[in-house]
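Data block below; observations after.
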Amino acid sequence: MVDGPVVTVRGEAYREVAPELAAFTVTVTARDRDRETTLTRLAERAAAVRVLLDAEGTAIDRRDTGDLRVRPETRRTTERVVAWHGAVTTTVTVSDFTALGELMLRLAEQDQVEVAGPWWSLRPDSPAHRQVRHAAIADALARGREYAEALGARVTALIELADTGVERPMMARMAYAGGPEAGGRPELDLDPQPQSVQAAVQARFAITEAVLS
């Protein structure tokens, strides 16, 4: 319980910083009337993508393979299988953006491959998060002092500080489908998308008695 007047304020901070990571997906597909042929082609194409990614070495920070799908294609009126579809997706994450566009196009040149992305982001432990939180607290303190000064008072103590959340915008994506029909490799320059980092806090300060006259 606090005796005396209290002022409650909201502190906010917003920064735009350069991204630290870029992620994109590589999806390999196969289709044939025979299930075993579909699976064989899918495995061969996935292996070709793996070899290409292996050649990048430490240029790739992380890669995760998941979302394996194999499904039958049937006629509308019956359950007769007329073809088999297979797909496997790998997510690739890099922090070196110098050759990102070239890598994505090189992957897209593979047979029956779709590349989507990139999605730009910050690392979870990026210093930008800490900096913007500190800035939000400083903003709350400045506002509290301004309100107190307007009343002829001054801030004496912090009663409560609450984080009201951080918001980030959705990132854009592009897609490029490879294969023989895609033609020669085009030039692709990627501009890293600035990341919006936002923080907000609510603070309650104890102040001296206001001078209202």
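Letters for chains follow the order of the structure tokens (A, B, ...), residue numbers begin at 1 for each chain, and ligand numbers begin at 1 in the order shown.
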If you run DSSP on the backbone, which residues of chain A are helix (DSSP H, G or I), as a PDB file with N, CA and C atoms, in the first residue's frame?
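The file below, part-v4.pdb, is the result:
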```pdb
ATOM      1  N   ARG A  35       4.194 -45.624 -57.473  1.00  0.00           N
ATOM      2  CA  ARG A  35       4.587 -45.080 -56.174  1.00  0.00           C
ATOM      3  C   ARG A  35       6.083 -45.195 -55.936  1.00  0.00           C
ATOM      4  N   GLU A  36       6.660 -46.353 -56.234  1.00  0.00           N
ATOM      5  CA  GLU A  36       8.082 -46.534 -56.000  1.00  0.00           C
ATOM      6  C   GLU A  36       8.920 -45.577 -56.845  1.00  0.00           C
ATOM      7  N   THR A  37       8.485 -45.342 -58.063  1.00  0.00           N
ATOM      8  CA  THR A  37       9.206 -44.402 -58.929  1.00  0.00           C
ATOM      9  C   THR A  37       9.143 -42.998 -58.357  1.00  0.00           C
ATOM     10  N   THR A  38       7.968 -42.619 -57.842  1.00  0.00           N
ATOM     11  CA  THR A  38       7.813 -41.302 -57.217  1.00  0.00           C
ATOM     12  C   THR A  38       8.758 -41.163 -56.035  1.00  0.00           C
ATOM     13  N   LEU A  39       8.802 -42.177 -55.178  1.00  0.00           N
ATOM     14  CA  LEU A  39       9.663 -42.109 -53.998  1.00  0.00           C
ATOM     15  C   LEU A  39      11.141 -42.078 -54.380  1.00  0.00           C
ATOM     16  N   THR A  40      11.487 -42.840 -55.412  1.00  0.00           N
ATOM     17  CA  THR A  40      12.888 -42.855 -55.864  1.00  0.00           C
ATOM     18  C   THR A  40      13.304 -41.494 -56.392  1.00  0.00           C
ATOM     19  N   ARG A  41      12.452 -40.892 -57.225  1.00  0.00           N
ATOM     20  CA  ARG A  41      12.762 -39.565 -57.762  1.00  0.00           C
ATOM     21  C   ARG A  41      12.844 -38.524 -56.656  1.00  0.00           C
ATOM     22  N   LEU A  42      11.922 -38.624 -55.699  1.00  0.00           N
ATOM     23  CA  LEU A  42      11.916 -37.675 -54.595  1.00  0.00           C
ATOM     24  C   LEU A  42      13.215 -37.776 -53.797  1.00  0.00           C
ATOM     25  N   ALA A  43      13.644 -39.019 -53.509  1.00  0.00           N
ATOM     26  CA  ALA A  43      14.877 -39.217 -52.751  1.00  0.00           C
ATOM     27  C   ALA A  43      16.092 -38.708 -53.526  1.00  0.00           C
ATOM     28  N   GLU A  44      16.126 -38.935 -54.838  1.00  0.00           N
ATOM     29  CA  GLU A  44      17.254 -38.485 -55.654  1.00  0.00           C
ATOM     30  C   GLU A  44      17.322 -36.961 -55.698  1.00  0.00           C
ATOM     31  N   ARG A  45      16.188 -36.317 -55.862  1.00  0.00           N
ATOM     32  CA  ARG A  45      16.171 -34.852 -55.927  1.00  0.00           C
ATOM     33  C   ARG A  45      16.497 -34.232 -54.574  1.00  0.00           C
ATOM     34  N   ALA A  46      16.011 -34.838 -53.496  1.00  0.00           N
ATOM     35  CA  ALA A  46      16.335 -34.348 -52.162  1.00  0.00           C
ATOM     36  C   ALA A  46      17.827 -34.510 -51.886  1.00  0.00           C
ATOM     37  N   ALA A  47      18.408 -35.616 -52.372  1.00  0.00           N
ATOM     38  CA  ALA A  47      19.843 -35.840 -52.193  1.00  0.00           C
ATOM     39  C   ALA A  47      20.663 -34.805 -52.956  1.00  0.00           C
ATOM     40  N   ALA A  48      20.197 -34.428 -54.145  1.00  0.00           N
ATOM     41  CA  ALA A  48      20.900 -33.412 -54.942  1.00  0.00           C
ATOM     42  C   ALA A  48      20.893 -32.072 -54.223  1.00  0.00           C
ATOM     43  N   VAL A  49      19.773 -31.743 -53.608  1.00  0.00           N
ATOM     44  CA  VAL A  49      19.692 -30.499 -52.844  1.00  0.00           C
ATOM     45  C   VAL A  49      20.616 -30.571 -51.629  1.00  0.00           C
ATOM     46  N   ARG A  50      20.655 -31.716 -50.973  1.00  0.00           N
ATOM     47  CA  ARG A  50      21.509 -31.880 -49.805  1.00  0.00           C
ATOM     48  C   ARG A  50      22.985 -31.705 -50.178  1.00  0.00           C
ATOM     49  N   VAL A  51      23.393 -32.273 -51.305  1.00  0.00           N
ATOM     50  CA  VAL A  51      24.776 -32.134 -51.754  1.00  0.00           C
ATOM     51  C   VAL A  51      25.123 -30.669 -51.993  1.00  0.00           C
ATOM     52  N   LEU A  52      24.200 -29.951 -52.609  1.00  0.00           N
ATOM     53  CA  LEU A  52      24.432 -28.536 -52.884  1.00  0.00           C
ATOM     54  C   LEU A  52      24.549 -27.750 -51.579  1.00  0.00           C
ATOM     55  N   LEU A  53      23.693 -28.047 -50.614  1.00  0.00           N
ATOM     56  CA  LEU A  53      23.761 -27.351 -49.325  1.00  0.00           C
ATOM     57  C   LEU A  53      25.019 -27.732 -48.555  1.00  0.00           C
ATOM     58  N   ASP A  54      25.422 -29.000 -48.645  1.00  0.00           N
ATOM     59  CA  ASP A  54      26.655 -29.439 -47.976  1.00  0.00           C
ATOM     60  C   ASP A  54      27.859 -28.654 -48.487  1.00  0.00           C
ATOM     61  N   ALA A  55      27.844 -28.328 -49.778  1.00  0.00           N
ATOM     62  CA  ALA A  55      28.970 -27.608 -50.382  1.00  0.00           C
ATOM     63  C   ALA A  55      29.105 -26.194 -49.841  1.00  0.00           C
ATOM     64  N   GLU A  56      28.025 -25.657 -49.261  1.00  0.00           N
ATOM     65  CA  GLU A  56      28.076 -24.301 -48.718  1.00  0.00           C
ATOM     66  C   GLU A  56      28.808 -24.226 -47.385  1.00  0.00           C
ATOM     67  N   GLY A  57      28.944 -25.365 -46.725  1.00  0.00           N
ATOM     68  CA  GLY A  57      29.702 -25.414 -45.478  1.00  0.00           C
ATOM     69  C   GLY A  57      29.161 -24.487 -44.415  1.00  0.00           C
ATOM     70  N   THR A  58      30.072 -23.671 -43.828  1.00  0.00           N
ATOM     71  CA  THR A  58      29.711 -22.793 -42.718  1.00  0.00           C
ATOM     72  C   THR A  58      28.901 -21.572 -43.155  1.00  0.00           C
ATOM     73  N   ALA A  59      28.686 -21.404 -44.462  1.00  0.00           N
ATOM     74  CA  ALA A  59      27.855 -20.282 -44.932  1.00  0.00           C
ATOM     75  C   ALA A  59      26.407 -20.457 -44.490  1.00  0.00           C
ATOM     76  N   LEU A 100      23.344 -14.805 -50.685  1.00  0.00           N
ATOM     77  CA  LEU A 100      22.034 -15.410 -50.447  1.00  0.00           C
ATOM     78  C   LEU A 100      21.232 -15.565 -51.734  1.00  0.00           C
ATOM     79  N   GLY A 101      21.152 -14.501 -52.530  1.00  0.00           N
ATOM     80  CA  GLY A 101      20.384 -14.571 -53.770  1.00  0.00           C
ATOM     81  C   GLY A 101      20.930 -15.622 -54.715  1.00  0.00           C
ATOM     82  N   GLU A 102      22.256 -15.688 -54.839  1.00  0.00           N
ATOM     83  CA  GLU A 102      22.877 -16.678 -55.723  1.00  0.00           C
ATOM     84  C   GLU A 102      22.580 -18.094 -55.256  1.00  0.00           C
ATOM     85  N   LEU A 103      22.640 -18.319 -53.935  1.00  0.00           N
ATOM     86  CA  LEU A 103      22.356 -19.647 -53.388  1.00  0.00           C
ATOM     87  C   LEU A 103      20.920 -20.054 -53.670  1.00  0.00           C
ATOM     88  N   MET A 104      19.982 -19.141 -53.470  1.00  0.00           N
ATOM     89  CA  MET A 104      18.579 -19.467 -53.697  1.00  0.00           C
ATOM     90  C   MET A 104      18.312 -19.807 -55.159  1.00  0.00           C
ATOM     91  N   LEU A 105      18.918 -19.055 -56.068  1.00  0.00           N
ATOM     92  CA  LEU A 105      18.712 -19.340 -57.490  1.00  0.00           C
ATOM     93  C   LEU A 105      19.403 -20.638 -57.910  1.00  0.00           C
ATOM     94  N   ARG A 106      20.543 -20.924 -57.317  1.00  0.00           N
ATOM     95  CA  ARG A 106      21.238 -22.170 -57.635  1.00  0.00           C
ATOM     96  C   ARG A 106      20.397 -23.371 -57.202  1.00  0.00           C
ATOM     97  N   LEU A 107      19.747 -23.250 -56.057  1.00  0.00           N
ATOM     98  CA  LEU A 107      18.855 -24.320 -55.606  1.00  0.00           C
ATOM     99  C   LEU A 107      17.634 -24.422 -56.515  1.00  0.00           C
ATOM    100  N   ALA A 108      17.106 -23.271 -56.937  1.00  0.00           N
ATOM    101  CA  ALA A 108      15.911 -23.266 -57.782  1.00  0.00           C
ATOM    102  C   ALA A 108      16.172 -23.844 -59.158  1.00  0.00           C
ATOM    103  N   PRO A 127      21.022  -8.018 -29.250  1.00  0.00           N
ATOM    104  CA  PRO A 127      21.114  -6.855 -28.357  1.00  0.00           C
ATOM    105  C   PRO A 127      20.029  -5.816 -28.634  1.00  0.00           C
ATOM    106  N   ALA A 128      19.463  -5.827 -29.832  1.00  0.00           N
ATOM    107  CA  ALA A 128      18.429  -4.845 -30.176  1.00  0.00           C
ATOM    108  C   ALA A 128      17.225  -4.956 -29.247  1.00  0.00           C
ATOM    109  N   HIS A 129      16.872  -6.168 -28.836  1.00  0.00           N
ATOM    110  CA  HIS A 129      15.729  -6.345 -27.936  1.00  0.00           C
ATOM    111  C   HIS A 129      15.996  -5.678 -26.582  1.00  0.00           C
ATOM    112  N   ARG A 130      17.188  -5.889 -26.054  1.00  0.00           N
ATOM    113  CA  ARG A 130      17.548  -5.300 -24.761  1.00  0.00           C
ATOM    114  C   ARG A 130      17.590  -3.779 -24.856  1.00  0.00           C
ATOM    115  N   GLN A 131      18.165  -3.276 -25.932  1.00  0.00           N
ATOM    116  CA  GLN A 131      18.286  -1.829 -26.095  1.00  0.00           C
ATOM    117  C   GLN A 131      16.926  -1.151 -26.162  1.00  0.00           C
ATOM    118  N   VAL A 132      15.976  -1.752 -26.891  1.00  0.00           N
ATOM    119  CA  VAL A 132      14.675  -1.111 -27.023  1.00  0.00           C
ATOM    120  C   VAL A 132      13.874  -1.206 -25.715  1.00  0.00           C
ATOM    121  N   ARG A 133      14.085  -2.262 -24.944  1.00  0.00           N
ATOM    122  CA  ARG A 133      13.422  -2.353 -23.640  1.00  0.00           C
ATOM    123  C   ARG A 133      13.950  -1.277 -22.689  1.00  0.00           C
ATOM    124  N   HIS A 134      15.265  -1.089 -22.715  1.00  0.00           N
ATOM    125  CA  HIS A 134      15.851  -0.039 -21.877  1.00  0.00           C
ATOM    126  C   HIS A 134      15.320   1.334 -22.284  1.00  0.00           C
ATOM    127  N   ALA A 135      15.192   1.543 -23.593  1.00  0.00           N
ATOM    128  CA  ALA A 135      14.680   2.824 -24.087  1.00  0.00           C
ATOM    129  C   ALA A 135      13.231   3.042 -23.655  1.00  0.00           C
ATOM    130  N   ALA A 136      12.427   1.987 -23.616  1.00  0.00           N
ATOM    131  CA  ALA A 136      11.038   2.101 -23.178  1.00  0.00           C
ATOM    132  C   ALA A 136      10.956   2.472 -21.699  1.00  0.00           C
ATOM    133  N   ILE A 137      11.841   1.891 -20.891  1.00  0.00           N
ATOM    134  CA  ILE A 137      11.862   2.223 -19.467  1.00  0.00           C
ATOM    135  C   ILE A 137      12.285   3.681 -19.270  1.00  0.00           C
ATOM    136  N   ALA A 138      13.295   4.119 -20.033  1.00  0.00           N
ATOM    137  CA  ALA A 138      13.739   5.508 -19.942  1.00  0.00           C
ATOM    138  C   ALA A 138      12.616   6.463 -20.345  1.00  0.00           C
ATOM    139  N   ASP A 139      11.832   6.079 -21.347  1.00  0.00           N
ATOM    140  CA  ASP A 139      10.710   6.907 -21.782  1.00  0.00           C
ATOM    141  C   ASP A 139       9.648   6.997 -20.692  1.00  0.00           C
ATOM    142  N   ALA A 140       9.382   5.885 -20.018  1.00  0.00           N
ATOM    143  CA  ALA A 140       8.403   5.890 -18.928  1.00  0.00           C
ATOM    144  C   ALA A 140       8.867   6.794 -17.792  1.00  0.00           C
ATOM    145  N   LEU A 141      10.146   6.716 -17.455  1.00  0.00           N
ATOM    146  CA  LEU A 141      10.674   7.552 -16.382  1.00  0.00           C
ATOM    147  C   LEU A 141      10.587   9.031 -16.749  1.00  0.00           C
ATOM    148  N   ALA A 142      10.935   9.352 -17.997  1.00  0.00           N
ATOM    149  CA  ALA A 142      10.862  10.751 -18.443  1.00  0.00           C
ATOM    150  C   ALA A 142       9.422  11.268 -18.390  1.00  0.00           C
ATOM    151  N   ARG A 143       8.474  10.439 -18.797  1.00  0.00           N
ATOM    152  CA  ARG A 143       7.075  10.860 -18.766  1.00  0.00           C
ATOM    153  C   ARG A 143       6.592  11.051 -17.331  1.00  0.00           C
ATOM    154  N   GLY A 144       6.996  10.127 -16.464  1.00  0.00           N
ATOM    155  CA  GLY A 144       6.602  10.250 -15.067  1.00  0.00           C
ATOM    156  C   GLY A 144       7.103  11.548 -14.456  1.00  0.00           C
ATOM    157  N   ARG A 145       8.345  11.885 -14.755  1.00  0.00           N
ATOM    158  CA  ARG A 145       8.914  13.133 -14.236  1.00  0.00           C
ATOM    159  C   ARG A 145       8.211  14.356 -14.822  1.00  0.00           C
ATOM    160  N   GLU A 146       7.852  14.277 -16.099  1.00  0.00           N
ATOM    161  CA  GLU A 146       7.153  15.403 -16.735  1.00  0.00           C
ATOM    162  C   GLU A 146       5.798  15.652 -16.071  1.00  0.00           C
ATOM    163  N   TYR A 147       5.055  14.566 -15.827  1.00  0.00           N
ATOM    164  CA  TYR A 147       3.755  14.717 -15.178  1.00  0.00           C
ATOM    165  C   TYR A 147       3.921  15.276 -13.759  1.00  0.00           C
ATOM    166  N   ALA A 148       4.923  14.757 -13.050  1.00  0.00           N
ATOM    167  CA  ALA A 148       5.145  15.230 -11.690  1.00  0.00           C
ATOM    168  C   ALA A 148       5.507  16.715 -11.691  1.00  0.00           C
ATOM    169  N   GLU A 149       6.405  17.106 -12.607  1.00  0.00           N
ATOM    170  CA  GLU A 149       6.810  18.508 -12.679  1.00  0.00           C
ATOM    171  C   GLU A 149       5.628  19.413 -13.007  1.00  0.00           C
ATOM    172  N   ALA A 150       4.714  18.944 -13.844  1.00  0.00           N
ATOM    173  CA  ALA A 150       3.531  19.740 -14.190  1.00  0.00           C
ATOM    174  C   ALA A 150       2.650  19.987 -12.977  1.00  0.00           C
ATOM    175  N   PRO A 180      13.698 -27.556 -65.639  1.00  0.00           N
ATOM    176  CA  PRO A 180      14.082 -27.263 -67.009  1.00  0.00           C
ATOM    177  C   PRO A 180      13.295 -26.115 -67.618  1.00  0.00           C
ATOM    178  N   GLU A 181      12.016 -25.958 -67.240  1.00  0.00           N
ATOM    179  CA  GLU A 181      11.190 -24.934 -67.857  1.00  0.00           C
ATOM    180  C   GLU A 181      11.524 -23.537 -67.357  1.00  0.00           C
ATOM    181  N   ALA A 182      12.369 -23.411 -66.317  1.00  0.00           N
ATOM    182  CA  ALA A 182      12.634 -22.115 -65.729  1.00  0.00           C
ATOM    183  C   ALA A 182      13.619 -21.290 -66.547  1.00  0.00           C
TER     184      ALA A 182
END
```
Set out as a tab-separated table a contact list for segment 105-170 of chain A and segment 75-95 of chain A with a cut-off of 12 Å, giving each residue of segment 105-170 of chain A that qualifies its closest atom pair and distance in Å to one decimal, counting only C-alpha atoms, ordered by chain and rising residue number.
```
residue	atom	partner	partner_atom	distance
A:Leu107	CA	A:Val92	CA	11.2
A:Gln112	CA	A:Ala87	CA	9.7
A:Val113	CA	A:Ala87	CA	9.4
A:Glu114	CA	A:Thr89	CA	9.2
A:Val115	CA	A:Thr89	CA	9.5
A:Ala116	CA	A:Thr91	CA	9.5
A:Gly117	CA	A:Thr91	CA	9.8
A:Pro118	CA	A:Thr93	CA	9.1
A:Trp119	CA	A:Thr93	CA	9.2
A:Trp120	CA	A:Thr93	CA	9.6
A:Ser121	CA	A:Ser95	CA	9.8
A:Leu122	CA	A:Ser95	CA	9.8
A:Arg123	CA	A:Ser95	CA	9.6
```
Take the residues that were just selected and, keeping C-alpha atoms, output them as a CSV table (one decimal), in the first residue's frame.
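That gives us part.csv:
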```csv
chain,number,residue,atom,x,y,z
A,107,LEU,CA,18.9,-24.3,-55.6
A,112,GLN,CA,11.3,-29.9,-59.6
A,113,VAL,CA,12.4,-27.6,-56.9
A,114,GLU,CA,10.6,-24.6,-55.4
A,115,VAL,CA,12.4,-22.0,-53.3
A,116,ALA,CA,10.4,-19.6,-51.2
A,117,GLY,CA,11.6,-16.7,-49.0
A,118,PRO,CA,13.6,-15.1,-47.6
A,119,TRP,CA,12.1,-14.2,-44.2
A,120,TRP,CA,14.3,-11.7,-42.4
A,121,SER,CA,14.6,-11.7,-38.6
A,122,LEU,CA,16.7,-11.0,-35.6
A,123,ARG,CA,18.3,-13.5,-33.4
```
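Taking atom CA of Gln198 of chain A and atom CA of Val155 of chain A as endpoints, the distance between them is 25.8 Å.
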For this session: Just give me the gap between atom CA of Arg33 of chain A and atom CA of Pro72 of chain A in Å, one decimal is fine.
Result: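 Straight-line distance from atom CA of Arg33 of chain A to atom CA of Pro72 of chain A works out to 9.2 Å.
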Exercise. Leaving out Ala203 of chain A and any residue of its chain fewer than 4 positions from it, which residues lie within 6 Å of it when counting only C-alpha atoms, given as a ChimeraX atom specification?
Worked result: /A:8-9,160-161
